[in-house]
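Heads up, target_29.txt below (compact mmCIF, C-alpha atoms):
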# COMPACT_ATOMS: atom_id res chain seq x y z
CA MET N 23 17.88 106.53 -18.55
CA GLY N 24 19.38 103.08 -19.01
CA ARG N 25 21.69 101.71 -21.67
CA VAL N 26 21.70 98.41 -23.52
CA LYS N 27 24.64 96.36 -22.27
CA SER N 28 24.24 93.24 -24.39
CA ILE N 29 21.84 91.42 -26.73
CA TRP N 30 21.26 87.64 -26.89
CA ARG N 31 19.30 85.05 -28.78
CA TYR N 32 18.58 81.36 -28.08
CA PRO N 33 18.05 79.52 -31.38
CA ILE N 34 17.05 76.32 -29.54
CA LYS N 35 14.89 76.88 -26.49
CA GLY N 36 16.81 75.93 -23.36
CA PHE N 37 20.19 75.65 -25.06
CA THR N 38 23.24 77.90 -25.52
CA PRO N 39 22.77 81.70 -25.67
CA GLU N 40 24.37 83.53 -28.60
CA ARG N 41 25.53 87.13 -28.30
CA LEU N 42 24.53 89.61 -31.01
CA SER N 43 26.29 92.81 -32.10
CA SER N 44 22.90 94.35 -32.90
CA VAL N 45 19.34 93.31 -33.62
CA ALA N 46 16.67 94.53 -36.04
CA LEU N 47 13.17 94.16 -34.61
CA ASP N 48 9.97 94.20 -36.65
CA VAL N 49 6.55 95.32 -35.40
CA GLY N 50 4.99 92.47 -33.44
CA GLY N 51 8.06 90.34 -34.06
CA HIS N 52 10.70 88.43 -32.14
CA VAL N 53 14.47 88.65 -31.96
CA PRO N 54 15.39 86.92 -35.25
CA PHE N 55 16.10 83.19 -34.80
CA ASP N 56 15.27 83.36 -31.08
CA ARG N 57 13.58 80.18 -29.76
CA LEU N 58 13.15 79.08 -33.36
CA TYR N 59 13.48 75.43 -32.34
CA ALA N 60 12.63 73.34 -29.31
CA VAL N 61 13.10 69.68 -28.42
CA GLU N 62 10.12 67.87 -26.99
CA ASP N 63 10.80 65.35 -24.23
CA GLY N 64 7.99 62.90 -24.92
CA PRO N 65 4.97 63.73 -27.11
CA CYS N 66 3.67 67.25 -26.36
CA GLY N 67 0.92 67.52 -28.98
CA PHE N 68 2.44 70.52 -30.77
CA ASP N 69 0.69 71.17 -34.10
CA PRO N 70 2.64 73.56 -36.39
CA ALA N 71 -0.52 74.14 -38.43
CA ALA N 72 -2.31 75.46 -35.33
CA PRO N 73 0.47 76.32 -32.85
CA GLN N 74 -0.45 76.77 -29.21
CA HIS N 75 1.69 77.74 -26.23
CA ILE N 76 3.56 74.74 -24.77
CA SER N 77 4.61 74.29 -21.15
CA LYS N 78 8.38 74.20 -20.75
CA GLN N 79 7.95 71.03 -18.70
CA LYS N 80 7.18 69.20 -21.94
CA LEU N 81 10.47 70.31 -23.49
CA THR N 82 14.18 69.63 -23.07
CA VAL N 83 15.04 72.76 -21.06
CA LEU N 84 17.05 73.76 -17.97
CA ALA N 85 14.01 73.92 -15.69
CA LYS N 86 13.55 70.21 -16.31
CA ILE N 87 17.01 68.89 -17.24
CA ALA N 88 19.96 70.82 -15.78
CA ALA N 89 22.43 68.78 -17.88
CA VAL N 90 21.28 70.70 -20.98
CA ALA N 91 23.61 73.52 -19.81
CA ARG N 92 26.63 71.26 -20.41
CA ILE N 93 25.76 71.03 -24.10
CA ARG N 94 27.17 73.84 -26.26
CA THR N 95 25.28 74.71 -29.43
CA SER N 96 25.89 77.28 -32.15
CA TYR N 97 23.55 78.11 -35.02
CA ASP N 98 24.56 79.58 -38.38
CA ASP N 99 21.47 81.34 -39.69
CA ALA N 100 23.11 81.87 -43.09
CA THR N 101 23.41 78.13 -43.73
CA GLY N 102 20.91 76.68 -41.25
CA GLN N 103 23.63 74.51 -39.76
CA LEU N 104 23.66 73.64 -36.08
CA ARG N 105 26.79 72.52 -34.28
CA ALA N 106 26.66 70.91 -30.85
CA GLU N 107 29.29 69.64 -28.45
CA ALA N 108 29.09 67.88 -25.10
CA PRO N 109 31.53 66.18 -22.73
CA ASN N 110 32.41 62.64 -23.77
CA ALA N 111 30.47 62.91 -27.04
CA ALA N 112 31.46 63.32 -30.67
CA PRO N 113 30.42 66.75 -32.03
CA PHE N 114 27.19 67.04 -34.00
CA SER N 115 26.63 69.07 -37.15
CA GLY N 116 23.43 69.17 -39.17
CA ASP N 117 20.54 71.12 -40.64
CA LEU N 118 17.54 71.15 -38.30
CA ASP N 119 15.22 72.15 -41.17
CA ASP N 120 16.09 68.87 -42.90
CA PRO N 121 14.06 66.02 -41.32
CA LYS N 122 17.13 63.78 -41.42
CA GLY N 123 19.23 66.44 -39.69
CA ALA N 124 16.54 67.02 -37.06
CA ASP N 125 16.23 63.31 -36.37
CA ALA N 126 20.01 62.98 -36.16
CA PHE N 127 20.23 65.78 -33.59
CA ALA N 128 17.42 64.25 -31.52
CA SER N 129 19.28 60.92 -31.55
CA TRP N 130 22.59 62.57 -30.63
CA LEU N 131 20.88 64.45 -27.82
CA ALA N 132 19.21 61.30 -26.49
CA ASP N 133 22.58 59.54 -26.42
CA THR N 134 24.11 62.54 -24.63
CA LEU N 135 21.41 63.07 -21.99
CA ARG N 136 20.59 59.37 -21.49
CA GLU N 137 18.48 58.86 -18.38
CA GLU N 138 18.21 62.63 -17.83
CA ALA N 139 15.54 62.78 -20.57
CA ARG N 140 12.27 60.89 -20.48
CA GLY N 141 11.99 60.76 -24.27
CA PRO N 142 11.44 60.12 -27.03
CA LEU N 143 13.09 63.35 -28.14
CA ARG N 144 11.94 65.23 -31.24
CA VAL N 145 12.98 68.56 -32.73
CA LEU N 146 10.13 71.06 -33.16
CA THR N 147 10.37 73.96 -35.60
CA SER N 148 8.46 77.21 -35.18
CA PRO N 149 5.99 78.09 -37.93
CA PRO N 150 5.95 81.76 -39.06
CA ALA N 151 5.02 84.30 -36.36
CA TYR N 152 5.37 81.71 -33.58
CA ARG N 153 8.25 81.07 -31.17
CA PHE N 154 8.75 78.70 -28.26
CA MET N 155 8.52 81.35 -25.54
CA ASP N 156 7.63 80.85 -21.87
CA HIS N 157 4.78 83.34 -22.21
CA PRO N 158 2.47 83.57 -25.26
CA GLN N 159 2.99 87.35 -25.42
CA GLY N 160 6.61 87.38 -24.27
CA TYR N 161 8.16 88.13 -27.61
CA VAL N 162 11.20 90.05 -26.33
CA SER N 163 12.62 89.77 -22.79
CA ILE N 164 14.45 92.58 -21.00
CA ILE N 165 16.62 92.17 -17.88
CA SER N 166 17.79 94.98 -15.59
CA LEU N 167 21.39 94.42 -14.53
CA GLU N 168 20.92 96.70 -11.51
CA SER N 169 18.15 94.44 -10.20
CA LEU N 170 20.47 91.47 -10.63
CA LYS N 171 23.17 93.32 -8.69
CA ALA N 172 20.67 93.88 -5.85
CA LEU N 173 19.88 90.17 -5.84
CA GLU N 174 23.57 89.31 -6.01
CA ALA N 175 24.27 91.48 -2.95
CA GLN N 176 21.65 89.58 -0.97
CA VAL N 177 22.75 86.06 -1.90
CA GLY N 178 26.39 86.98 -1.28
CA ARG N 179 27.84 85.49 -4.46
CA PRO N 180 28.02 86.30 -8.17
CA VAL N 181 24.87 85.73 -10.22
CA ASP N 182 25.58 85.16 -13.91
CA PRO N 183 23.05 87.34 -15.80
CA LEU N 184 22.66 84.54 -18.35
CA ARG N 185 20.75 82.56 -15.71
CA MET N 186 17.84 84.83 -16.68
CA ARG N 187 18.08 83.96 -20.40
CA GLY N 188 17.02 87.43 -21.54
CA ASN N 189 17.27 89.06 -24.95
CA LEU N 190 18.17 92.61 -23.89
CA TYR N 191 20.27 93.35 -20.81
CA VAL N 192 20.01 96.95 -19.64
CA GLU N 193 22.24 98.78 -17.17
CA GLY N 194 21.54 102.07 -15.40
CA TRP N 195 17.95 101.68 -14.24
CA PRO N 196 17.59 101.77 -10.44
CA ALA N 197 17.06 98.27 -9.04
CA TRP N 198 13.48 97.08 -9.61
CA ALA N 199 12.48 100.37 -11.26
CA GLU N 200 11.50 98.28 -14.29
CA ASP N 201 8.46 96.93 -12.40
CA ALA N 202 6.80 100.33 -12.91
CA PHE N 203 7.20 100.02 -16.69
CA VAL N 204 4.43 97.41 -17.08
CA GLY N 205 1.87 98.86 -19.48
CA GLU N 206 4.31 101.56 -20.61
CA THR N 207 6.24 101.93 -23.85
CA LEU N 208 10.03 102.02 -23.81
CA GLN N 209 12.27 103.55 -26.45
CA ILE N 210 15.23 101.23 -26.83
CA GLY N 211 17.59 102.24 -29.60
CA GLY N 212 15.54 102.65 -32.76
CA ALA N 213 12.62 100.52 -31.56
CA ARG N 214 9.66 101.07 -29.25
CA LEU N 215 8.56 98.18 -27.06
CA LYS N 216 5.32 97.91 -25.06
CA ILE N 217 5.92 96.19 -21.71
CA VAL N 218 3.43 93.35 -21.22
CA LYS N 219 4.32 91.98 -17.79
CA THR N 220 7.11 91.09 -15.40
CA ILE N 221 8.78 87.69 -15.79
CA THR N 222 8.04 85.17 -13.04
CA ARG N 223 11.15 83.13 -12.39
CA CYS N 224 11.43 79.35 -12.14
CA VAL N 225 14.02 76.74 -11.23
CA ALA N 226 15.87 77.26 -14.53
CA THR N 227 17.63 80.16 -12.77
CA HIS N 228 19.01 77.72 -10.20
CA VAL N 229 21.24 76.13 -12.86
CA ASP N 230 24.77 77.42 -13.41
CA PRO N 231 24.82 78.07 -17.19
CA MET N 232 28.44 76.93 -17.44
CA THR N 233 28.54 73.81 -15.25
CA GLY N 234 24.95 72.57 -15.44
CA GLU N 235 24.79 72.26 -11.64
CA ARG N 236 21.80 73.35 -9.58
CA ASP N 237 23.77 75.45 -7.13
CA MET N 238 21.58 78.41 -6.15
CA ASP N 239 17.90 78.83 -5.17
CA LEU N 240 17.22 82.22 -6.71
CA VAL N 241 13.44 81.85 -6.65
CA ARG N 242 13.47 81.53 -2.86
CA ALA N 243 16.03 84.33 -2.56
CA LEU N 244 13.82 86.67 -4.58
CA TYR N 245 10.80 85.90 -2.44
CA ASP N 246 12.56 85.93 0.92
CA VAL N 247 14.38 89.22 0.31
CA PHE N 248 12.17 91.18 -2.08
CA GLY N 249 8.76 89.59 -1.54
CA HIS N 250 8.24 88.50 -5.15
CA THR N 251 9.59 85.95 -7.64
CA HIS N 252 9.92 88.08 -10.76
CA CYS N 253 12.96 89.49 -12.51
CA GLY N 254 12.76 91.07 -15.95
CA LEU N 255 10.10 92.18 -18.42
CA TYR N 256 8.24 90.73 -21.38
CA ALA N 257 7.70 93.17 -24.25
CA GLN N 258 6.05 93.45 -27.64
CA VAL N 259 7.53 95.50 -30.47
CA GLU N 260 5.28 98.49 -31.27
CA THR N 261 7.68 100.28 -33.62
CA GLY N 262 10.41 98.38 -35.39
CA GLY N 263 14.04 99.45 -35.46
CA VAL N 264 17.64 98.50 -34.78
CA ILE N 265 19.03 98.10 -31.26
CA ALA N 266 22.72 97.86 -30.41
CA PRO N 267 24.80 97.83 -27.22
CA GLY N 268 25.18 101.35 -25.87
CA ASP N 269 21.75 102.48 -27.06
CA ALA N 270 19.58 104.40 -24.61
CA ALA N 271 16.66 102.57 -23.00
CA GLY N 272 13.88 104.31 -21.15
CA PRO N 273 10.18 105.14 -21.00
CA THR N 274 8.50 107.30 -23.60
CA ASP N 275 4.92 108.24 -24.43
CA PRO N 276 3.24 105.69 -26.73
CA VAL N 277 3.06 106.62 -30.39
CA PRO N 278 -0.38 108.22 -31.08

Could you show the structure in this file as structure tokens?
Amino acid sequence: MGRVKSIWRYPIKGFTPERLSSVALDVGGHVPFDRLYAVEDGPCGFDPAAPQHISKQKLTVLAKIAAVARIRTSYDDATGQLRAEAPNAAPFSGDLDDPKGADAFASWLADTLREEARGPLRVLTSPPAYRFMDHPQGYVSIISLESLKALEAQVGRPVDPLRMRGNLYVEGWPAWAEDAFVGETLQIGGARLKIVKTITRCVATHVDPMTGERDMDLVRALYDVFGHTHCGLYAQVETGGVIAPGDAAGPTDPVP
């Protein structure tokens, strides 16, 4: 049986993770305020009235622009205010649900990233029941810390778990045991989550989340050592409930 070590959300896809003391999940839902916004890098055709999955390559994310990691954002869900800071830039503060605030952030970001972004930049807001996830069914992501330790041992240097940008980090499962959970239901705290698939990793994991440098080829390391390029699980919430650090996490029979 594993235990939840930490819980994270990413209000703007690709930007700063925010640690949570607990999370309440609803059936079929997402981590609240997770990937609520995204920033398109050039027109991507997103239609909020008929939202479709968007490739991350059309967005301002680490896989495309490593410098995004050097920008620090924080989102206050009580007020809707976003704060952002970056080296050699005046801080930004604004409401992304206000068109003026969204335009101001896009302008600030364009000035900060400069030639790193193709542009024009535009803030996208998720309509209800949609989030800017890497997989259309990947509502909640789960990372096994023991699998990361196995990878870390092979590359011979520390691997910051936040490179994986997961929602739930679990300790105590044997390394790669989570691969067998695909199709199963896990009881995690007060919620039950159906595992949809493993998470195929991309070059976003190569970026140091603190420095914004591409300093490690984890995709190649995964393949060369373990024969695959996945790390983590995508899950859907079958039974809602509250999850907190320290909660047990393990397989259970699906609810009849």

A straight line from atom CA of Arg153 of chain N to atom CA of Thr222 of chain N spans 18.6 Å

Atom CA of His250 of chain N and atom CA of Glu193 of chain N are how many Å apart?
->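 Interatomic distance, atom CA of His250 of chain N to atom CA of Glu193 of chain N: 21.1 Å.
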
Atom CA of Asn189 of chain N to atom CA of Arg31 of chain N measures 5.9 Å

Would you list the residues near (12.5, 99.9, -20.4) (no more than 7 Å away, in the coordinates of the file, using all atoms listed in the file) as a list in words?
->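 Counting all atoms listed in the file, I find these residues within 7 Å of (12.5, 99.9, -20.4): Glu200, Phe203, Leu208, Ala271, Gly272 and Pro273 of chain N.
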
For a cut-off of 12 Å around (15.9, 90.1, 0.0), file coordinates, pick out all residues using all atoms listed in the file and list them as a ChimeraX atom specification.
-> /N:169-178,240-251

With C-alpha atoms retained, export the selected residues as a PDB file, keeping the file's coordinate frame.
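Once everything was written out, this is part.pdb:
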ATOM      1  CA  SER N 169      18.150  94.440 -10.200  1.00  0.00           C
ATOM      2  CA  LEU N 170      20.470  91.470 -10.630  1.00  0.00           C
ATOM      3  CA  LYS N 171      23.170  93.320  -8.690  1.00  0.00           C
ATOM      4  CA  ALA N 172      20.670  93.880  -5.850  1.00  0.00           C
ATOM      5  CA  LEU N 173      19.880  90.170  -5.840  1.00  0.00           C
ATOM      6  CA  GLU N 174      23.570  89.310  -6.010  1.00  0.00           C
ATOM      7  CA  ALA N 175      24.270  91.480  -2.950  1.00  0.00           C
ATOM      8  CA  GLN N 176      21.650  89.580  -0.970  1.00  0.00           C
ATOM      9  CA  VAL N 177      22.750  86.060  -1.900  1.00  0.00           C
ATOM     10  CA  GLY N 178      26.390  86.980  -1.280  1.00  0.00           C
ATOM     11  CA  LEU N 240      17.220  82.220  -6.710  1.00  0.00           C
ATOM     12  CA  VAL N 241      13.440  81.850  -6.650  1.00  0.00           C
ATOM     13  CA  ARG N 242      13.470  81.530  -2.860  1.00  0.00           C
ATOM     14  CA  ALA N 243      16.030  84.330  -2.560  1.00  0.00           C
ATOM     15  CA  LEU N 244      13.820  86.670  -4.580  1.00  0.00           C
ATOM     16  CA  TYR N 245      10.800  85.900  -2.440  1.00  0.00           C
ATOM     17  CA  ASP N 246      12.560  85.930   0.920  1.00  0.00           C
ATOM     18  CA  VAL N 247      14.380  89.220   0.310  1.00  0.00           C
ATOM     19  CA  PHE N 248      12.170  91.180  -2.080  1.00  0.00           C
ATOM     20  CA  GLY N 249       8.760  89.590  -1.540  1.00  0.00           C
ATOM     21  CA  HIS N 250       8.240  88.500  -5.150  1.00  0.00           C
ATOM     22  CA  THR N 251       9.590  85.950  -7.640  1.00  0.00           C
TER      23      THR N 251
END

Measuring atom to atom with all atoms listed in the file, identify which of N:His75, N:Arg144, N:Lys219, N:Arg214 is nearest to Ile265 of chain N.
-> N:Arg214

Counting all atoms listed in the file, what is within 9 Å of Glu40 of chain N, bar same-chain residues fewer than 6 positions away, as a PyMOL selection string?
-> chain N and resi 29-33+95-97

Just the residues within 10 Å of Glu235 of chain N, please, counting all atoms listed in the file, with nothing from its chain fewer than 4 positions along; format it as a VMD selection string.
-> chain N and resid 88 to 89 91 to 92 228 to 231

Which is closer to Asp182 of chain N than all the others in N:Thr233, N:Leu255, N:Ser129, N:Leu47, using all atoms listed in the file?
->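 Selected residue with least distance to Asp182 of chain N: N:Thr233.
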
Find the residues around Leu215 of chain N up to 8 Å (only C-alpha atoms counted), leave out those fewer than 4 positions away in its own chain, and share them as an MDAnalysis selection string.
-> chainID N and resid 207:210 257:261

Would you mind completing segment 68-82 of chain N so that it carries N, CA and C atoms, and writing it out as a PDB file, keeping the file's coordinate frame?
ATOM      1  N   PHE N  68       2.270  69.287 -30.017  1.00  0.00           N
ATOM      2  CA  PHE N  68       2.440  70.520 -30.770  1.00  0.00           C
ATOM      3  C   PHE N  68       2.031  70.321 -32.224  1.00  0.00           C
ATOM      4  N   ASP N  69       1.178  71.225 -32.717  1.00  0.00           N
ATOM      5  CA  ASP N  69       0.690  71.170 -34.100  1.00  0.00           C
ATOM      6  C   ASP N  69       1.158  72.444 -34.816  1.00  0.00           C
ATOM      7  N   PRO N  70       2.143  72.354 -35.712  1.00  0.00           N
ATOM      8  CA  PRO N  70       2.640  73.560 -36.390  1.00  0.00           C
ATOM      9  C   PRO N  70       1.584  74.246 -37.247  1.00  0.00           C
ATOM     10  N   ALA N  71       0.540  73.527 -37.635  1.00  0.00           N
ATOM     11  CA  ALA N  71      -0.520  74.140 -38.430  1.00  0.00           C
ATOM     12  C   ALA N  71      -1.453  74.982 -37.566  1.00  0.00           C
ATOM     13  N   ALA N  72      -1.492  74.695 -36.270  1.00  0.00           N
ATOM     14  CA  ALA N  72      -2.310  75.460 -35.330  1.00  0.00           C
ATOM     15  C   ALA N  72      -1.549  75.566 -34.013  1.00  0.00           C
ATOM     16  N   PRO N  73      -0.429  76.314 -34.009  1.00  0.00           N
ATOM     17  CA  PRO N  73       0.470  76.320 -32.850  1.00  0.00           C
ATOM     18  C   PRO N  73      -0.156  76.956 -31.617  1.00  0.00           C
ATOM     19  N   GLN N  74       0.002  76.282 -30.509  1.00  0.00           N
ATOM     20  CA  GLN N  74      -0.450  76.770 -29.210  1.00  0.00           C
ATOM     21  C   GLN N  74       0.743  76.829 -28.266  1.00  0.00           C
ATOM     22  N   HIS N  75       0.618  77.640 -27.217  1.00  0.00           N
ATOM     23  CA  HIS N  75       1.690  77.740 -26.230  1.00  0.00           C
ATOM     24  C   HIS N  75       1.908  76.377 -25.570  1.00  0.00           C
ATOM     25  N   ILE N  76       3.199  76.028 -25.361  1.00  0.00           N
ATOM     26  CA  ILE N  76       3.560  74.740 -24.770  1.00  0.00           C
ATOM     27  C   ILE N  76       4.271  74.986 -23.443  1.00  0.00           C
ATOM     28  N   SER N  77       3.911  74.224 -22.429  1.00  0.00           N
ATOM     29  CA  SER N  77       4.610  74.290 -21.150  1.00  0.00           C
ATOM     30  C   SER N  77       6.049  73.839 -21.326  1.00  0.00           C
ATOM     31  N   LYS N  78       6.963  74.573 -20.670  1.00  0.00           N
ATOM     32  CA  LYS N  78       8.380  74.200 -20.750  1.00  0.00           C
ATOM     33  C   LYS N  78       8.639  72.819 -20.173  1.00  0.00           C
ATOM     34  N   GLN N  79       7.760  72.342 -19.306  1.00  0.00           N
ATOM     35  CA  GLN N  79       7.950  71.030 -18.700  1.00  0.00           C
ATOM     36  C   GLN N  79       7.784  69.899 -19.704  1.00  0.00           C
ATOM     37  N   LYS N  80       7.300  70.202 -20.886  1.00  0.00           N
ATOM     38  CA  LYS N  80       7.180  69.200 -21.940  1.00  0.00           C
ATOM     39  C   LYS N  80       8.365  69.235 -22.905  1.00  0.00           C
ATOM     40  N   LEU N  81       9.341  70.110 -22.596  1.00  0.00           N
ATOM     41  CA  LEU N  81      10.470  70.310 -23.490  1.00  0.00           C
ATOM     42  C   LEU N  81      11.788  70.014 -22.786  1.00  0.00           C
ATOM     43  N   THR N  82      12.837  69.885 -23.585  1.00  0.00           N
ATOM     44  CA  THR N  82      14.180  69.630 -23.070  1.00  0.00           C
ATOM     45  C   THR N  82      14.820  70.971 -22.729  1.00  0.00           C
TER      46      THR N  82
END
